[in-house]
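The structure file work.txt is reproduced below (compact mmCIF, C-alpha atoms).
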# COMPACT_ATOMS: atom_id res chain seq x y z
CA MET A 1 72.79 -7.07 -57.81
CA ALA A 2 69.69 -5.14 -56.83
CA ASN A 3 70.45 -1.67 -55.43
CA HIS A 4 68.67 -0.59 -52.26
CA HIS A 5 70.64 2.67 -52.01
CA SER A 6 71.70 5.27 -54.56
CA PRO A 7 75.24 4.75 -55.93
CA ALA A 8 76.51 7.61 -53.78
CA GLU A 9 74.89 6.15 -50.67
CA GLU A 10 76.37 2.71 -51.39
CA ARG A 11 79.84 4.20 -51.76
CA ASP A 12 79.46 6.01 -48.44
CA LEU A 13 78.24 2.87 -46.68
CA SER A 14 81.04 0.79 -48.15
CA LYS A 15 83.62 3.30 -46.96
CA GLN A 16 82.22 3.08 -43.47
CA GLY A 17 82.25 -0.72 -43.57
CA GLN A 18 78.50 -0.77 -42.99
CA TYR A 19 77.08 -2.10 -46.24
CA GLN A 20 76.33 -5.77 -46.55
CA PRO A 21 74.46 -7.52 -49.33
CA THR A 22 70.96 -8.67 -48.50
CA ILE A 23 70.37 -12.39 -48.03
CA ARG A 24 68.77 -12.56 -51.48
CA GLU A 25 71.91 -11.05 -52.98
CA LEU A 26 74.12 -13.76 -51.48
CA PRO A 27 74.97 -16.90 -53.48
CA SER A 28 72.38 -19.57 -52.73
CA GLY A 29 75.02 -21.73 -51.05
CA GLU A 30 75.60 -19.03 -48.42
CA ARG A 31 71.97 -18.35 -47.49
CA PRO A 32 71.03 -19.75 -44.06
CA ARG A 33 67.78 -21.43 -45.12
CA GLU A 34 69.38 -23.12 -48.11
CA ARG A 35 72.39 -24.18 -45.99
CA LEU A 36 70.10 -25.72 -43.37
CA ALA A 37 68.12 -27.61 -46.00
CA ARG A 38 71.32 -28.94 -47.58
CA LEU A 39 73.58 -29.53 -44.56
CA GLY A 40 71.22 -29.82 -41.58
CA ALA A 41 70.64 -27.48 -38.67
CA SER A 42 73.76 -28.57 -36.76
CA ALA A 43 76.00 -27.15 -39.52
CA LEU A 44 74.73 -23.61 -39.01
CA SER A 45 76.10 -21.07 -36.56
CA ASP A 46 73.95 -19.51 -33.84
CA SER A 47 73.65 -16.31 -35.88
CA GLU A 48 72.51 -18.21 -38.99
CA LEU A 49 69.83 -20.12 -37.08
CA LEU A 50 68.64 -16.90 -35.46
CA ALA A 51 68.60 -15.22 -38.87
CA ILE A 52 66.16 -17.85 -40.15
CA ILE A 53 63.80 -16.96 -37.30
CA LEU A 54 64.17 -13.20 -37.89
CA ARG A 55 63.68 -13.66 -41.68
CA VAL A 56 64.65 -10.13 -42.82
CA GLY A 57 67.19 -7.52 -41.85
CA VAL A 58 67.06 -3.73 -41.82
CA GLY A 59 68.37 -1.07 -44.19
CA GLY A 60 72.11 -1.52 -44.73
CA GLU A 61 72.29 -4.57 -42.44
CA ASN A 62 71.33 -8.03 -43.61
CA VAL A 63 69.56 -10.45 -41.30
CA VAL A 64 72.69 -12.43 -40.38
CA ARG A 65 74.39 -9.22 -39.27
CA VAL A 66 71.30 -8.30 -37.23
CA ALA A 67 71.48 -11.73 -35.57
CA GLU A 68 75.20 -11.31 -34.83
CA ARG A 69 74.54 -7.89 -33.31
CA LEU A 70 71.80 -9.28 -31.06
CA LEU A 71 74.00 -12.15 -29.86
CA ALA A 72 76.85 -9.75 -29.11
CA ARG A 73 74.56 -7.29 -27.36
CA PHE A 74 73.01 -9.89 -25.03
CA GLY A 75 76.05 -12.12 -24.53
CA GLY A 76 75.05 -15.08 -26.68
CA LEU A 77 72.00 -17.28 -26.90
CA SER A 78 71.56 -17.69 -23.15
CA GLY A 79 71.55 -13.94 -22.58
CA LEU A 80 69.14 -13.39 -25.44
CA ALA A 81 66.87 -16.13 -24.11
CA ARG A 82 66.78 -14.43 -20.69
CA ALA A 83 66.07 -10.97 -22.11
CA THR A 84 62.54 -9.63 -21.94
CA ILE A 85 60.51 -8.81 -25.02
CA ALA A 86 60.76 -5.13 -24.13
CA GLU A 87 64.57 -5.32 -23.93
CA ILE A 88 64.80 -7.07 -27.29
CA GLU A 89 62.40 -4.59 -28.92
CA ARG A 90 64.73 -1.72 -27.99
CA GLU A 91 67.32 -3.02 -30.43
CA HIS A 92 67.42 -1.36 -33.86
CA GLY A 93 65.30 -3.18 -36.42
CA ILE A 94 63.58 -5.48 -33.92
CA GLY A 95 59.87 -4.95 -33.50
CA GLN A 96 57.43 -6.85 -31.35
CA ALA A 97 56.82 -9.54 -33.99
CA LYS A 98 60.50 -10.51 -34.22
CA ALA A 99 60.96 -10.36 -30.46
CA VAL A 100 57.97 -12.65 -29.93
CA GLN A 101 59.20 -15.08 -32.60
CA MET A 102 62.54 -15.40 -30.82
CA LYS A 103 60.95 -15.92 -27.42
CA ALA A 104 58.68 -18.62 -28.87
CA ALA A 105 61.68 -20.45 -30.37
CA PHE A 106 63.60 -20.35 -27.08
CA GLU A 107 60.58 -21.64 -25.18
CA LEU A 108 60.16 -24.56 -27.58
CA GLY A 109 63.81 -25.48 -27.03
CA ARG A 110 63.38 -25.29 -23.27
CA ARG A 111 60.28 -27.49 -23.34
CA LEU A 112 62.05 -30.07 -25.50
CA LEU A 113 64.85 -30.38 -22.94
CA VAL A 114 62.33 -30.78 -20.13
CA GLU A 115 60.34 -33.44 -22.00
CA ALA A 116 63.31 -35.50 -23.21
CA PRO A 117 66.32 -35.14 -20.89
CA ASP A 118 67.64 -38.58 -21.84
CA GLU A 119 67.91 -37.49 -25.48
CA ARG A 120 70.48 -34.81 -24.67
CA PRO A 121 73.98 -35.61 -25.97
CA GLN A 122 76.33 -37.16 -23.43
CA VAL A 123 79.99 -36.19 -23.28
CA THR A 124 82.26 -39.09 -22.33
CA SER A 125 85.36 -38.16 -24.32
CA PRO A 126 87.14 -35.16 -25.87
CA ALA A 127 86.01 -36.35 -29.30
CA GLU A 128 82.34 -36.22 -28.29
CA ALA A 129 82.76 -32.74 -26.84
CA ALA A 130 84.57 -31.54 -29.95
CA ALA A 131 81.83 -32.94 -32.18
CA LEU A 132 79.35 -30.57 -30.52
CA VAL A 133 81.23 -27.43 -31.52
CA THR A 134 83.62 -28.17 -34.38
CA ALA A 135 81.18 -27.66 -37.26
CA ASP A 136 80.27 -24.23 -35.93
CA MET A 137 83.69 -23.05 -34.72
CA ALA A 138 86.21 -24.43 -37.20
CA HIS A 139 85.84 -21.61 -39.73
CA LEU A 140 85.14 -18.62 -37.49
CA GLN A 141 87.21 -15.56 -38.39
CA ARG A 142 87.51 -14.41 -34.77
CA GLU A 143 88.30 -16.31 -31.61
CA GLU A 144 85.32 -17.39 -29.55
CA LEU A 145 85.26 -19.13 -26.19
CA ARG A 146 82.31 -21.42 -25.53
CA VAL A 147 81.29 -23.45 -22.53
CA ILE A 148 79.45 -26.78 -22.69
CA LEU A 149 77.52 -27.16 -19.42
CA LEU A 150 76.91 -30.72 -18.23
CA ASP A 151 74.75 -32.44 -15.63
CA THR A 152 75.84 -35.15 -13.20
CA ARG A 153 75.78 -37.76 -15.98
CA HIS A 154 77.71 -35.44 -18.29
CA ARG A 155 74.69 -34.84 -20.51
CA VAL A 156 74.60 -31.47 -22.22
CA VAL A 157 72.48 -28.91 -20.39
CA HIS A 158 73.48 -25.80 -22.30
CA LEU A 159 76.08 -24.49 -24.74
CA GLN A 160 77.04 -20.86 -24.27
CA THR A 161 79.32 -18.38 -26.04
CA VAL A 162 81.14 -16.48 -23.30
CA TYR A 163 83.74 -14.42 -25.16
CA VAL A 164 84.25 -13.18 -28.70
CA GLY A 165 87.70 -11.81 -29.52
CA SER A 166 91.19 -12.48 -28.22
CA ILE A 167 91.15 -15.18 -25.55
CA ASN A 168 93.71 -14.50 -22.85
CA ALA A 169 93.96 -14.77 -19.09
CA SER A 170 93.98 -11.03 -18.49
CA LEU A 171 90.61 -10.55 -20.22
CA ILE A 172 88.72 -13.58 -18.92
CA ARG A 173 86.55 -12.97 -15.90
CA VAL A 174 86.17 -16.26 -14.11
CA SER A 175 82.86 -15.19 -12.60
CA GLU A 176 81.37 -14.69 -16.09
CA LEU A 177 82.56 -18.05 -17.35
CA PHE A 178 81.11 -19.98 -14.40
CA GLN A 179 78.00 -17.84 -13.86
CA GLU A 180 75.67 -19.90 -16.03
CA ALA A 181 76.98 -23.17 -14.54
CA ILE A 182 76.20 -21.86 -11.07
CA THR A 183 72.77 -20.59 -12.12
CA ARG A 184 71.87 -23.94 -13.70
CA ASN A 185 73.50 -25.96 -10.91
CA CYS A 186 75.79 -27.78 -13.36
CA PRO A 187 78.59 -29.77 -11.70
CA ALA A 188 80.82 -30.05 -14.78
CA LEU A 189 81.71 -28.24 -17.98
CA VAL A 190 83.98 -28.31 -21.01
CA VAL A 191 85.61 -25.14 -22.35
CA ALA A 192 86.33 -24.76 -26.08
CA HIS A 193 87.83 -22.00 -28.16
CA ASN A 194 88.96 -21.76 -31.76
CA HIS A 195 92.16 -20.65 -33.47
CA PRO A 196 91.16 -18.69 -36.61
CA SER A 197 94.55 -19.59 -38.14
CA GLY A 198 93.30 -23.18 -38.36
CA ASP A 199 96.21 -24.52 -36.30
CA PRO A 200 94.93 -25.89 -32.95
CA THR A 201 98.40 -26.05 -31.34
CA PRO A 202 98.05 -24.72 -27.77
CA SER A 203 99.90 -21.52 -26.93
CA PRO A 204 101.44 -20.75 -23.52
CA GLU A 205 98.52 -18.37 -23.02
CA ASP A 206 96.05 -21.21 -23.66
CA VAL A 207 97.74 -23.30 -20.99
CA GLN A 208 97.67 -20.37 -18.55
CA VAL A 209 93.95 -19.83 -19.16
CA THR A 210 93.30 -23.55 -18.64
CA ARG A 211 95.19 -23.64 -15.36
CA GLN A 212 93.28 -20.57 -14.14
CA LEU A 213 89.90 -22.10 -15.00
CA VAL A 214 90.69 -25.50 -13.47
CA GLU A 215 91.74 -23.86 -10.19
CA ALA A 216 88.62 -21.69 -10.13
CA GLY A 217 86.45 -24.73 -10.83
CA ARG A 218 87.91 -26.55 -7.85
CA LEU A 219 87.03 -23.63 -5.59
CA LEU A 220 83.46 -23.58 -6.96
CA ASP A 221 83.12 -27.39 -6.91
CA ILE A 222 82.61 -27.41 -10.68
CA ASP A 223 84.72 -29.91 -12.61
CA VAL A 224 86.42 -28.42 -15.68
CA LEU A 225 86.67 -31.64 -17.68
CA ASP A 226 88.64 -30.29 -20.62
CA HIS A 227 89.73 -27.29 -22.66
CA LEU A 228 89.48 -27.93 -26.39
CA ILE A 229 91.16 -25.87 -29.07
CA ILE A 230 89.33 -26.09 -32.38
CA GLY A 231 91.20 -25.76 -35.66
CA GLN A 232 90.19 -26.42 -39.25
CA GLY A 233 89.65 -30.15 -39.48
CA SER A 234 91.24 -30.97 -36.14
CA TYR A 235 91.21 -30.18 -32.44
CA VAL A 236 93.48 -30.49 -29.41
CA SER A 237 92.42 -31.61 -25.93
CA LEU A 238 94.59 -29.93 -23.30
CA ARG A 239 93.60 -32.58 -20.77
CA GLU A 240 94.83 -35.34 -23.06
CA ARG A 241 98.14 -33.50 -23.39
CA GLY A 242 98.35 -32.82 -19.68
CA LEU A 243 98.48 -29.06 -20.17
CA GLY A 244 96.94 -26.96 -17.43
CA PHE A 245 95.47 -29.98 -15.65
CA ASP A 246 98.20 -30.42 -13.03

Would you mind writing the file's structure down as structure tokens?
Amino acid sequence: MANHHSPAEERDLSKQGQYQPTIRELPSGERPRERLARLGASALSDSELLAIILRVGVGGENVVRVAERLLARFGGLSGLARATIAEIEREHGIGQAKAVQMKAAFELGRRLLVEAPDERPQVTSPAEAAALVTADMAHLQREELRVILLDTRHRVVHLQTVYVGSINASLIRVSELFQEAITRNCPALVVAHNHPSGDPTPSPEDVQVTRQLVEAGRLLDIDVLDHLIIGQGSYVSLRERGLGFD
């Protein structure tokens, strides 16, 4: 392994939990570019795709960690896409070149959606909704809650990470979860979150969250079609089980 710090500095960084190997130091099977070439873009997480655009990290922080930090700071891809170049440049390790590269990538994605709306995936069943997120969420080490925003024909408009961490009713702010749907005038959505244990069995808390979101959606005239729990190799649809959809 190539050393980018003195041995004493590496020990200090490791103690603080701050040292990560560079991308070149990772096994080839774990590097984002190699994973995309082998598995396809859909198999990569948001942070891995963003890391490919950023290309390199900063001292003591590899490029995937930089990407994760940016997504956390701006509230996911949608927040990062809305941020100005000046706001992105203020983040540690992000100069104008990287900020411009990200904005260019987001703009290309936006133009593709405008040019080919009929090519967007359509969600007509829990299985189709789960297929959009399972590859990315099945092996996450922390809980994440994501929202799949849909148009009137249930075609995907946007996929957004809303929360990272413990998912429970006391922490979820309904206004945050529905904000993007309101902004984009989306009449329907699907909620999905993962269980890092790998077991997608719904908890009482999951049912409570579902009931809260369904009721809020009715007030906002936004149809919460389903709440999916993603495990390792399987998922559970709370609508199919009649949980929280009274």

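In terms of minimum interatomic distance to A:Ala131, A:Gly233 ranks closest within A:Gly242, A:Gly233, A:Gly60, A:Pro32, counting only C-alpha atoms.
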
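Nearest to A:Glu176 of all the residues A:Gly79, A:Pro126, A:Ala41, A:Leu150 is A:Gly79, counting all atoms listed in the file.
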
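Taking all atoms listed in the file into account, A:Arg218 lies nearest to A:Leu189 out of the set A:Val66, A:Ala97, A:Ile172, A:Leu189.
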
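Minimum distance to A:Glu61 across A:Met137, A:Ser47, A:Val191, A:His92 (counting all atoms listed in the file) occurs at A:His92.
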
With a distance cut-off of 12 Å and all atoms listed in the file, select the neighbouring residues of A:Arg153, excluding the residue or stretch itself and same-chain residues fewer than 2 positions from it, and output the selection as a CSV table (one decimal) with C-alpha atoms, keeping the file's coordinate frame.
chain,number,residue,atom,x,y,z
A,117,PRO,CA,66.3,-35.1,-20.9
A,118,ASP,CA,67.6,-38.6,-21.8
A,120,ARG,CA,70.5,-34.8,-24.7
A,121,PRO,CA,74.0,-35.6,-26.0
A,122,GLN,CA,76.3,-37.2,-23.4
A,123,VAL,CA,80.0,-36.2,-23.3
A,124,THR,CA,82.3,-39.1,-22.3
A,149,LEU,CA,77.5,-27.2,-19.4
A,150,LEU,CA,76.9,-30.7,-18.2
A,151,ASP,CA,74.8,-32.4,-15.6
A,155,ARG,CA,74.7,-34.8,-20.5
A,156,VAL,CA,74.6,-31.5,-22.2
A,157,VAL,CA,72.5,-28.9,-20.4
A,186,CYS,CA,75.8,-27.8,-13.4
A,187,PRO,CA,78.6,-29.8,-11.7
A,188,ALA,CA,80.8,-30.0,-14.8
A,189,LEU,CA,81.7,-28.2,-18.0

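Taking atom CA of A:Leu112 and atom CA of A:Leu71 as endpoints, the distance between them is 22.0 Å.
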
Residues around (80.0, -32.5, -31.8), cut-off 12 Å, counting all atoms listed in the file - what are they as a PDB file with C-alpha atoms, keeping the file's coordinate frame?
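As a result, point13.pdb now contains:
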ATOM      1  CA  SER A  42      73.760 -28.570 -36.760  1.00  0.00           C
ATOM      2  CA  ALA A  43      76.000 -27.150 -39.520  1.00  0.00           C
ATOM      3  CA  PRO A 121      73.980 -35.610 -25.970  1.00  0.00           C
ATOM      4  CA  GLN A 122      76.330 -37.160 -23.430  1.00  0.00           C
ATOM      5  CA  VAL A 123      79.990 -36.190 -23.280  1.00  0.00           C
ATOM      6  CA  THR A 124      82.260 -39.090 -22.330  1.00  0.00           C
ATOM      7  CA  SER A 125      85.360 -38.160 -24.320  1.00  0.00           C
ATOM      8  CA  PRO A 126      87.140 -35.160 -25.870  1.00  0.00           C
ATOM      9  CA  ALA A 127      86.010 -36.350 -29.300  1.00  0.00           C
ATOM     10  CA  GLU A 128      82.340 -36.220 -28.290  1.00  0.00           C
ATOM     11  CA  ALA A 129      82.760 -32.740 -26.840  1.00  0.00           C
ATOM     12  CA  ALA A 130      84.570 -31.540 -29.950  1.00  0.00           C
ATOM     13  CA  ALA A 131      81.830 -32.940 -32.180  1.00  0.00           C
ATOM     14  CA  LEU A 132      79.350 -30.570 -30.520  1.00  0.00           C
ATOM     15  CA  VAL A 133      81.230 -27.430 -31.520  1.00  0.00           C
ATOM     16  CA  THR A 134      83.620 -28.170 -34.380  1.00  0.00           C
ATOM     17  CA  ALA A 135      81.180 -27.660 -37.260  1.00  0.00           C
ATOM     18  CA  ASP A 136      80.270 -24.230 -35.930  1.00  0.00           C
ATOM     19  CA  MET A 137      83.690 -23.050 -34.720  1.00  0.00           C
ATOM     20  CA  ALA A 138      86.210 -24.430 -37.200  1.00  0.00           C
ATOM     21  CA  ILE A 148      79.450 -26.780 -22.690  1.00  0.00           C
ATOM     22  CA  VAL A 156      74.600 -31.470 -22.220  1.00  0.00           C
ATOM     23  CA  LEU A 159      76.080 -24.490 -24.740  1.00  0.00           C
ATOM     24  CA  ALA A 192      86.330 -24.760 -26.080  1.00  0.00           C
ATOM     25  CA  LEU A 228      89.480 -27.930 -26.390  1.00  0.00           C
ATOM     26  CA  ILE A 230      89.330 -26.090 -32.380  1.00  0.00           C
ATOM     27  CA  TYR A 235      91.210 -30.180 -32.440  1.00  0.00           C
TER      28      TYR A 235
END

Could you give me, as a ChimeraX atom specification, the residues within 7 Å of stretch 48-55 of chain A, counting all atoms listed in the file and dropping anything in the same chain fewer than 5 positions from it?
-> /A:32-33,63-64,67,98,101-102

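Nearest residue to A:Gly93, choosing from A:Thr152, A:Asn185, A:Thr201, A:Asn62 and counting only C-alpha atoms: A:Asn62.
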
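Proximity ranking of A:Arg241, A:Arg35, A:Val190, A:Arg146 relative to A:Asp226 places A:Val190 first, based on all atoms listed in the file.
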
What is the atom CA of A:Gly40-atom CA of A:Glu119 distance in Å, reported with one decimal?
-> 18.1 Å
